[in-house]
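A quick write-up on the structure given underneath.
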Amino acid sequence: MECKGITVDDLRSAEWYAGQDRNSYIHRAWMRRGLPDNALDATKPQIAIANTASDLTPCNSHLNEVAESVKQGIWEAGGVPYNLPVVSLGETQVKPTAMLWRNMAAMAIEEMLRANPIDGVVLLGGCDKTIPALLMAAASVDLPAIVVPGGPMLTGHFRGEALGCGTDVWRLSEEVRGGQITNGQFLQSESSMIRSKGHCNTMGTASTMAVVAEALGMTIPGFAGTPAPDSRLLALSHETGRLIVDMIREDRRPSDILTRESFLNAIVAVAAVGGSTNSVVHLLAIAGRLGLDLTLDDFDAAGRDVPLMVNLQPSGTFLMGDLYRAGGVLAALSQVKELFSPVPITVTGRPLVEYLTDQPVFDETVIFPRESPLMADAGIAVLRGNLAPRGAIIKPAAATAELLQHTGPAVVFDSIEDMRARLDDPDLDVTADSVLVLRGCGPRGYPGMPEVGNMPLPRKLLEQGVRDMVRISDARMSGTAYGTVILHVAPEAAAGGPLAFVRTGDIITVDVAGRSLSLAVSDAELALRGQSAASEAAYAAPQRGWAKLYVEHVMQADTGADLDFLVGSSGDRVTRESH
Ligand code: FES
Ligand code: MG
């Protein structure tokens with residue numbers, strides 16, 4: 001990385017602090033409050049710590065402690081740190097879905113980074129939507145930025161067995177519905193599920209987005225996957241504080257790090273670790289903020305032939321603490337080193353691939369050897385056809401191999417409420433060969449594209465021992481979920497996509513190897529069909545506030561479900577004074 005050789009006079013914060021006029025007086029005077037006299041000198045990088053700590057985002061509640069370590073590192077390197085609490089999103093807590101608020105968080109963070117007298121930012125995230133929102137914001141403003149991934153929690157155990165966050169909730173609740181365990185036994189596991197601070201310990205969306213941040217080059221290499229309670233998390237946070245000061249001095253910005261090639265590297269990394277399908281909408285949205293040309297087809301092309309190297313839930317058995325013990329994220333990515341572009345740099349200025357050598361593996365049941373991966377072709381596949389003209393996705397690593405090629409009759413649900421009302425009806429005309437279709441759950445229709453695509457199986461089939469079926473929707477699914485689940489159908493039903501016109505009994509064919517998803521109904525017949533009145537009645541029609549803005553401007557899943565007017569980088573300039 002070439003140093004652009006700026007002088008201290010070029011620090012952005014000097015626009016606030018360096019003058020001798022009334023406005024500079026105001027900017028300086030109100031900030032003193034115990035800061036040393038030289039803190040606002042033009043030589044001192046002013047650094048925000050964009051902090052998603054919140055008691056209502058339980059996975060991020062430890063980030064204030066992390067921020068203290070970052071602060072120490074910033075002071076040590078000659079910068080001045082400022083804690084900047086930003087909009088936080090607790091995946092399990094906020095309704096109707098945290099995804100409705102991702103763009104709101106990203107927009108609010110972007111504006112606060114731009115409006116304030118800062119030269120760079122440290123991004124503290126963890127729970128699913130927090131790292132994506134922070135990266136979208138940082139990409140938009142393009143001030144030097146670095147991610148601290150808050151880290152996974154320690155593994156909890158129930159009756160001697162490890163519990164995977166999320167994944168085991170889905171599994172155990174289906175066992176209750178199938179009659180294998182009682183509801184009482186299920187509820188007993190609740191207090192064992194969350195053992196410590198940190199985010200979900202499966203390779204769900206939070207773990208995936210930490211790996212993504214690292215593969216994009218936005219963390220200190222080797223940071224992702226460090227458990228939240230581990231003292232090394234604080235040590236790396238301290239080091240991150242030192243590094244952001246260097247990054248400002250060397251003028252290393254997100255646009256230097258986040259290139260098309262770094263996104264392709266992230267796609268490879270997601271495939272190699274069996275990462276979450278949610279990474280697709282998040283990566284597309286971040287790339288959109290930079291004006292980069294990244295499409296759904298890039299996911300299919302870059303992820304194709306990438307082997308699954310780690311044995312982690314939901315695709316496998318183990319949990320994030322096991323991955324750390326076995327050598328960590330870099331050891332896993334090293335197994336497929338040759339698939340990464342050597343060009344993109346990281347926050348250190350050095351290429352990612354430089355960190356993918358000499359990474360020993362200490363447990364080959366967790367990180368598999370290159371010659372014998374857990375699965376040969378683990379990339380997220382993009383399906384197209386007359387049911388999904390702009391694409392749909394499936395994660396083969398979390399699916400049943402025999403169902404990746406399947407033809408069956410549709411059983412259609414017009415909304416999540418319709419599904420809940422009828423799914424367990426003993427008279428529902430459904431067999432294991434049926435294809436469950438759920439619509440009205442896209443970005444616009446719900447609104448916010450909730451994680452309901454892994455819809456439960458009909459009780460009568462669970463009782464017969466059925467454990468997976470083909471399911472299709474315009475929704476997302478939790479990164480901790482599994483099954484032969486086709487997601488993100490675009491355009492969604494509420495945007496007039498063909499999904500709106502499917503009827504129960506229509507024959508649907510899924511061919512993952514052939515990358516197709518088709519409905520055996522002619523275009524002419526589809527054109528004659530109207531939307532289901534029940535469907536249309538269920539689509540969101542908010543009258544005010546964020547939800548109204550969102551529904552009017554949200555893009556479809558195939559372009560990242562950002563708001564249309566937030567695409568493209570807007571930079572760090574503010575044109576007018578505040579007084
Ligand atoms: Fe926060 Fe899973 S709920 S990471
Ligand atoms: Mg989730």
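Starting from 1 in every chain, residues are counted up; chains themselves are A, B, ... following the order of the structure tokens, and ligands are numbered from 1 as listed.
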>> ligand 1: which residues are within 10 Å, counting only C-alpha atoms and all ligand atoms? Reply as an MDAnalysis selection string.
In response: chainID A and resid 57:60 89:93 126:130 150:153 165:166 194 198:209 478:480
>> So that I can check the surroundings of range 526-538 of chain A, please list as a PyMOL selection string every protein, DNA and RNA residue that reaches within 12 Å of it, counting only C-alpha atoms and ignoring chain neighbours fewer than 2 positions away.
In response: chain A and resi 386-387+412-419+438-442+444-447+492-504+506+519-524+540-542
>> Restricting the calculation to only C-alpha atoms: of A:Leu163, A:Val574, A:Met104, A:Val87, which residue gets closest to Arg12 in chain A?
In response: A:Val574
> Which polymer residues have any atom within 8 Å of an atom of Thr407 in chain A, counting only C-alpha atoms, with same-chain residues fewer than 2 positions away left out, as a ChimeraX atom specification?
Replying inline: /A:405,409,433,507-510
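Computed from the coordinates, the CA of Pro396 in chain A to CA of Thr431 in chain A distance equals 22.2 Å.
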Selection near Gly241 in chain A, 7 Å with only C-alpha atoms, sequence-local residues under 6 positions removed, as a CSV table (one decimal) with N, CA and C atoms, in the first residue's frame:
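Below is the file out-v1.csv, written as the result:
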```
chain,number,residue,atom,x,y,z
A,70,VAL,N,-10.0,-0.4,23.2
A,70,VAL,CA,-9.7,0.3,22.0
A,70,VAL,C,-9.2,1.7,22.3
A,71,LYS,N,-9.8,2.4,23.3
A,71,LYS,CA,-9.4,3.7,23.7
A,71,LYS,C,-8.0,3.7,24.1
A,73,GLY,N,-5.6,1.8,23.3
A,73,GLY,CA,-4.7,1.7,22.1
A,73,GLY,C,-4.6,3.0,21.3
A,74,ILE,N,-5.7,3.7,21.2
A,74,ILE,CA,-5.7,5.0,20.5
A,74,ILE,C,-4.9,6.0,21.2
```
> What is the distance between CA of Phe186 in chain A and CA of His157 in chain A, in Å to one decimal?
Replying inline: 13.3 Å
